[in-house]
file target-v4.cif (mmCIF, C-alpha atoms)
data_data
#
loop_
_atom_site.group_PDB
_atom_site.id
_atom_site.type_symbol
_atom_site.label_atom_id
_atom_site.label_comp_id
_atom_site.auth_asym_id
_atom_site.auth_seq_id
_atom_site.Cartn_x
_atom_site.Cartn_y
_atom_site.Cartn_z
ATOM 1 C CA MET A 279 93.503 38.360 161.866
ATOM 2 C CA PRO A 280 91.825 35.235 163.260
ATOM 3 C CA ASP A 281 88.422 36.611 162.215
ATOM 4 C CA MET A 282 89.719 37.563 158.775
ATOM 5 C CA THR A 283 91.398 34.251 157.976
ATOM 6 C CA ARG A 284 89.325 31.833 160.066
ATOM 7 C CA SER A 285 92.401 29.632 160.248
ATOM 8 C CA ARG A 286 93.722 27.799 163.276
ATOM 9 C CA TYR A 287 97.177 28.877 162.066
ATOM 10 C CA SER A 288 96.420 32.602 162.093
ATOM 11 C CA MET A 289 98.054 33.288 165.465
ATOM 12 C CA ALA A 290 101.162 31.302 164.502
ATOM 13 C CA ALA A 291 101.366 33.326 161.291
ATOM 14 C CA LEU A 292 100.906 36.599 163.143
ATOM 15 C CA ASP A 293 103.539 35.699 165.742
ATOM 16 C CA TRP A 294 106.001 34.792 162.996
ATOM 17 C CA ILE A 295 105.340 38.004 161.035
ATOM 18 C CA PHE A 296 105.738 40.154 164.172
ATOM 19 C CA GLY A 297 109.186 38.618 164.634
ATOM 20 C CA ARG A 298 110.161 39.339 161.022
ATOM 21 C CA PRO A 299 108.166 42.297 159.642
ATOM 22 C CA ILE A 300 110.170 42.213 156.397
ATOM 23 C CA PHE A 301 110.285 38.775 154.804
ATOM 24 C CA SER A 302 109.894 36.704 151.668
ATOM 25 C CA ALA A 303 107.197 34.128 151.062
ATOM 26 C CA PRO A 304 109.727 31.256 150.931
ATOM 27 C CA MET A 305 111.054 32.321 154.345
ATOM 28 C CA PHE A 306 107.503 32.234 155.709
ATOM 29 C CA PHE A 307 106.775 28.846 154.136
ATOM 30 C CA GLY A 308 109.974 27.339 155.507
ATOM 31 C CA GLN A 309 110.032 28.807 158.996
ATOM 32 C CA ALA A 310 106.471 29.470 160.192
ATOM 33 C CA HIS A 311 105.635 25.787 160.801
ATOM 34 C CA ILE A 312 102.398 26.104 158.835
ATOM 35 C CA PRO A 313 101.463 23.726 156.005
ATOM 36 C CA GLU A 314 102.551 25.395 152.760
ATOM 37 C CA ARG A 315 99.112 25.374 151.152
ATOM 38 C CA THR A 316 97.650 27.097 154.209
ATOM 39 C CA ALA A 317 100.600 29.499 154.411
ATOM 40 C CA ARG A 318 100.063 30.533 150.786
ATOM 41 C CA ARG A 319 96.382 31.141 151.445
ATOM 42 C CA LEU A 320 97.131 33.169 154.586
ATOM 43 C CA LEU A 321 99.666 35.387 152.799
ATOM 44 C CA ALA A 322 97.240 35.968 149.925
ATOM 45 C CA MET A 323 94.492 36.975 152.363
ATOM 46 C CA LEU A 324 96.829 39.292 154.260
ATOM 47 C CA ARG A 325 97.976 40.951 151.021
ATOM 48 C CA ASP A 326 94.416 41.266 149.706
ATOM 49 C CA ASN A 327 93.342 42.965 152.951
ATOM 50 C CA GLY A 328 96.334 45.325 153.098
ATOM 51 C CA VAL A 329 97.838 43.826 156.252
ATOM 52 C CA ILE A 330 101.074 43.067 154.421
ATOM 53 C CA ARG A 331 102.349 44.738 151.258
ATOM 54 C CA ASP A 332 104.990 44.225 148.621
ATOM 55 C CA LEU A 333 108.236 45.976 149.515
ATOM 56 C CA ALA A 334 110.384 44.877 146.581
ATOM 57 C CA PRO A 335 109.397 42.912 143.474
ATOM 58 C CA GLU A 336 110.865 39.559 142.672
ATOM 59 C CA SER A 337 113.876 39.751 140.417
ATOM 60 C CA GLY A 338 115.480 36.782 138.757
ATOM 61 C CA ARG A 339 115.923 34.169 141.442
ATOM 62 C CA ARG A 340 115.257 36.606 144.288
ATOM 63 C CA SER A 341 111.785 36.365 145.803
ATOM 64 C CA ARG A 342 109.525 39.343 146.317
ATOM 65 C CA LEU A 343 109.930 40.982 149.727
ATOM 66 C CA LEU A 344 106.839 41.529 151.838
ATOM 67 C CA VAL A 345 106.416 43.978 154.696
ATOM 68 C CA PHE A 346 104.057 44.399 157.644
ATOM 69 C CA PRO A 347 103.970 48.231 157.442
ATOM 70 C CA ASP A 348 101.793 49.010 160.476
ATOM 71 C CA PHE A 349 104.195 47.203 162.795
ATOM 72 C CA LEU A 350 107.184 49.074 161.369
ATOM 73 C CA ASN A 351 105.343 52.393 161.697
ATOM 74 C CA ILE A 352 104.531 51.691 165.345
ATOM 75 C CA ALA A 353 108.127 50.655 166.055
ATOM 76 C CA GLU A 354 109.420 53.852 164.426
ATOM 77 C CA GLY A 355 106.856 56.105 166.129
ATOM 78 C CA ARG A 356 105.014 56.961 162.909
ATOM 79 C CA PRO A 357 101.236 57.119 162.632
ATOM 80 C CA THR A 358 99.426 54.112 161.183
ATOM 81 C CA PHE A 359 96.593 54.421 158.697
#
call {"tool": "encode", "arguments": {"input": "target-v4.cif", "output": "C-alpha cells"}}
result
Amino acid sequence: MPDMTRSRYSMAALDWIFGRPIFSAPMFFGQAHIPERTARRLLAMLRDNGVIRDLAPESGRRSRLLVFPDFLNIAEGRPTF
C-alpha cells in the first residue's frame, strides 16, 4: 500500500482498515486521523486497485459500506485471489 499510494498516511490508513474491515467512508474520515482530502484520495486509490470494495450501496442518508475482502477471507480461512 505505501508504494501504491505514496502517502505518508498509508500505514495509518492500513492500520485503521485492519481494525475495521467493514466500514463507511465517513467513519474513516472521522476516525483515521488523516486529513479528509488525503483520506478521500486514499480510499479512491484503494477502491480503484481492488484493495477495498463496495459491500452495500448508499441508500438515503446511509453511506455506502466498504469492505477489505482479503482480510476477511484470511480471517475466515478462505482463499484470497
call {"tool": "atom_distance", "arguments": {"input": "target-v4.cif", "atom1": "atom CA of Met323 of chain A", "atom2": "atom CA of Arg284 of chain A"}}
result
10.6 Å
call {"tool": "closest_residue", "arguments": {"input": "target-v4.cif", "among": "A:Arg356, A:Arg298, A:Ser288, A:Leu344", "to": "Ala317 of chain A", "atoms": "only C-alpha atoms"}}
result
A:Ser288
call {"tool": "resolve_selection", "arguments": {"input": "target-v4.cif", "expression": "the PyMOL selection byres ((chain A and resi 326-341) around 12)", "output": "JSON, numbers by chain"}}
result
{"A": [279, 282, 283, 291, 292, 295, 296, 298, 299, 300, 301, 302, 303, 304, 305, 306, 319, 320, 321, 322, 323, 324, 325, 342, 343, 344, 345, 346, 347, 348, 349, 350, 358, 359]}
call {"tool": "atom_distance", "arguments": {"input": "target-v4.cif", "atom1": "atom CA of Asp281 of chain A", "atom2": "atom CA of Arg318 of chain A"}}
result
17.4 Å
call {"tool": "axis_aligned_box", "arguments": {"input": "target-v4.cif", "around": "segment 325-328 of chain A", "padding_each_side": "3 Å", "output": "JSON"}}
result
{"center_x": 95.7, "center_y": 43.1, "center_z": 151.4, "size_x": 10.6, "size_y": 10.4, "size_z": 9.4}
